[in-house]
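> Provided herewith is a single structure, encoded as structure tokens, for subsequent inquiry.
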Amino acid sequence: MLMEALKYPIKEDKGLINILIGGLLLILSFLLIPAFIVIGYLIKVGAETSKGSDKLIEFGEWINLLVTGFVGWIITIIYSIIPFLIWGLIAFVLIGVLGLGGDSAFVAGIGVLGFIVLWLLGLLIGILIYYTVPAALINYGRESSFKAAFRLSQLKEIWMTREYFTAALLPIFLMIIQYIVITILGFTIIGLILVPFVAFYFHLVIIRIFGIAFRQVVGGTSGL
């Protein structure tokens with residue numbers, strides 16, 4: 001899975017062109033539209049991989065990529081907002097309780113404990129979002145259906161598998177490598193120029209890993 005994903009972005013001659021385009025789009029991502037195009041492209045790669053395609057996807061059909069990326073962004077927000085609303089509510093209640101408790105050492109201790117709990121809860125929420133969203137986006141891309149991203153009973157069959165769990169662990173290792181590479185590149189001007197292209201390469205590898213895991217679970221078909 002890992003080696004296949006690492007080779008995917010550069011497996012064909014047009015691979016370097018794709019990385020060049022993706023890197024340039026990341027540079028311009030502050031304009032939002034290029035960012036949505038990149039998201040749409042990554043969703044398309046994940047979806048096509050999950051269907052059994054090993055062909056390198058080229059940039060094209062820009063409007064379709066833009067729309068797909070925008071919808072993918074909305075899906076990510078929806079998956080994120082409920083957990084963080086719960087976190088915010090807990091934080092609000094905790095702050096209110098501490099405000100009514102005065103300045104005693106006991107209250108201060110509770111405050112420290114509450115901070116630790118909130119930090120751990122925030123970390124757990126981040127992990128939950130990181131774990132669930134890729135499968136939701138891939139399923140949306142597979143079926144070109146917004147509703148497909150929220151078929152929780154079907155997606156649970158993906159999330160709870162060893163293949164998907166492994167796919168979720170590998171990017172952590174890759175992100176560490178990416179951080180090291182980008183840090184090293186950051187010491188030179190030429191290196192800084194290469195950073196967005198390296199980042200796009202790793203994004204492509206990671207979505208490819210999730211797509212392969214999805215394919216291993218459901219097979220190279222268009223439905224679950």
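Lettering and numbering for the structure tokens are positional, with chains as A, B, ... in the shown order, residues counted from 1 in each chain, and ligands counted from 1 in the shown order.
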Find the residues around Ile43 of chain A up to 8 Å (only C-alpha atoms counted), leave out those fewer than 4 positions away in its own chain, and share them as number ranges by chain.
A: 39, 47, 68-69, 72, 137-138, 141, 207
> For N, CA and C atoms, I'd like the residues from the last selection saved as a PDB file, in the first residue's frame.

ATOM      1  N   ILE A  39      -8.525  20.440  -3.677  1.00  0.00           N
ATOM      2  CA  ILE A  39      -9.360  19.515  -2.902  1.00  0.00           C
ATOM      3  C   ILE A  39     -10.162  18.627  -3.844  1.00  0.00           C
ATOM      4  N   ALA A  47     -11.319   8.787  -5.146  1.00  0.00           N
ATOM      5  CA  ALA A  47     -12.492   8.073  -5.654  1.00  0.00           C
ATOM      6  C   ALA A  47     -12.120   7.099  -6.766  1.00  0.00           C
ATOM      7  N   THR A  68     -16.476  20.125  -6.991  1.00  0.00           N
ATOM      8  CA  THR A  68     -16.218  18.964  -6.132  1.00  0.00           C
ATOM      9  C   THR A  68     -15.435  19.380  -4.890  1.00  0.00           C
ATOM     10  N   GLY A  69     -14.437  20.223  -5.076  1.00  0.00           N
ATOM     11  CA  GLY A  69     -13.637  20.676  -3.953  1.00  0.00           C
ATOM     12  C   GLY A  69     -14.428  21.526  -2.975  1.00  0.00           C
ATOM     13  N   GLY A  72     -16.619  19.236  -1.079  1.00  0.00           N
ATOM     14  CA  GLY A  72     -15.783  18.497  -0.136  1.00  0.00           C
ATOM     15  C   GLY A  72     -15.434  19.322   1.085  1.00  0.00           C
ATOM     16  N   LEU A 137     -15.240  11.701   2.110  1.00  0.00           N
ATOM     17  CA  LEU A 137     -14.949  12.427   0.873  1.00  0.00           C
ATOM     18  C   LEU A 137     -14.803  11.467  -0.308  1.00  0.00           C
ATOM     19  N   ILE A 138     -14.168  10.345  -0.076  1.00  0.00           N
ATOM     20  CA  ILE A 138     -14.000   9.362  -1.153  1.00  0.00           C
ATOM     21  C   ILE A 138     -15.355   8.807  -1.579  1.00  0.00           C
ATOM     22  N   GLY A 141     -17.024  11.291  -3.682  1.00  0.00           N
ATOM     23  CA  GLY A 141     -16.433  11.325  -5.013  1.00  0.00           C
ATOM     24  C   GLY A 141     -16.815  10.124  -5.852  1.00  0.00           C
ATOM     25  N   ILE A 207      -3.895  10.635  -0.019  1.00  0.00           N
ATOM     26  CA  ILE A 207      -5.244  10.308  -0.500  1.00  0.00           C
ATOM     27  C   ILE A 207      -5.228   9.003  -1.286  1.00  0.00           C
TER      28      ILE A 207
END
> I want to know what sits within 12 Å of Val45 of chain A, based on only C-alpha atoms, with residues of the same chain fewer than 4 positions away left out; could you give that as a PyMOL selection string?
chain A and resi 5+8-9+18+38-41+49-59+65+68-69+134+137-139+141-142+203-212
> I need the residue nearest Thr161 of chain A from this list: A:Leu121, A:Ile90, A:Leu85, A:Tyr131. Use only C-alpha atoms for the distance.
A:Tyr131
> Give the helix (DSSP H, G or I) residues of segment 48-135 of chain A, as DSSP finds them on the backbone, and put them as number ranges by chain.
A: 48-50, 62-100, 105-135
> To one decimal place in Å, what is the distance between atom CA of Met160 of chain A and atom CA of Phe200 of chain A?
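Those two atoms sit 28.1 Å apart.
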> Determine the nearest neighbour of Val71 of chain A from the options A:Ile190, A:Leu124, A:Leu26, A:Ala148, counting only C-alpha atoms.
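Comparing A:Ile190, A:Leu124, A:Leu26, A:Ala148 against Val71 of chain A, the winner is A:Ala148.
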> Pick from A:Glu12, A:Leu24, A:Met3, A:Ala135: nearest to Pro196 of chain A, with only C-alpha atoms counted?
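Answer, going by the shortest atom-to-atom distance: A:Leu24.
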> Hey, which of A:Ile116, A:Leu194, A:Leu185, A:Ala136 ends up closest to Trp73 of chain A? Count only C-alpha atoms.
A:Ala136
> A:Ile177, A:Ala149, A:Leu170, A:Leu32: which is nearest Tyr79 of chain A, counting only C-alpha atoms?
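That would be A:Ala149, the residue with the smallest distance to Tyr79 of chain A.
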> Which residue out of A:Leu89, A:Ile95, A:Ile77, A:Val117 has the minimum interatomic distance to Tyr130 of chain A when only C-alpha atoms are used?
A:Ile77
> Quick check, in Å to one decimal: how far apart do atom CA of Ile158 of chain A and atom CA of Ile74 of chain A lie?
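Going from atom CA of Ile158 of chain A over to atom CA of Ile74 of chain A, I get 21.2 Å.
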> At what distance in Å, to one decimal, does atom CA of Ala35 of chain A lie from atom CA of Phe214 of chain A?
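Taking atom CA of Phe214 of chain A and atom CA of Ala35 of chain A, their separation equals 24.3 Å.
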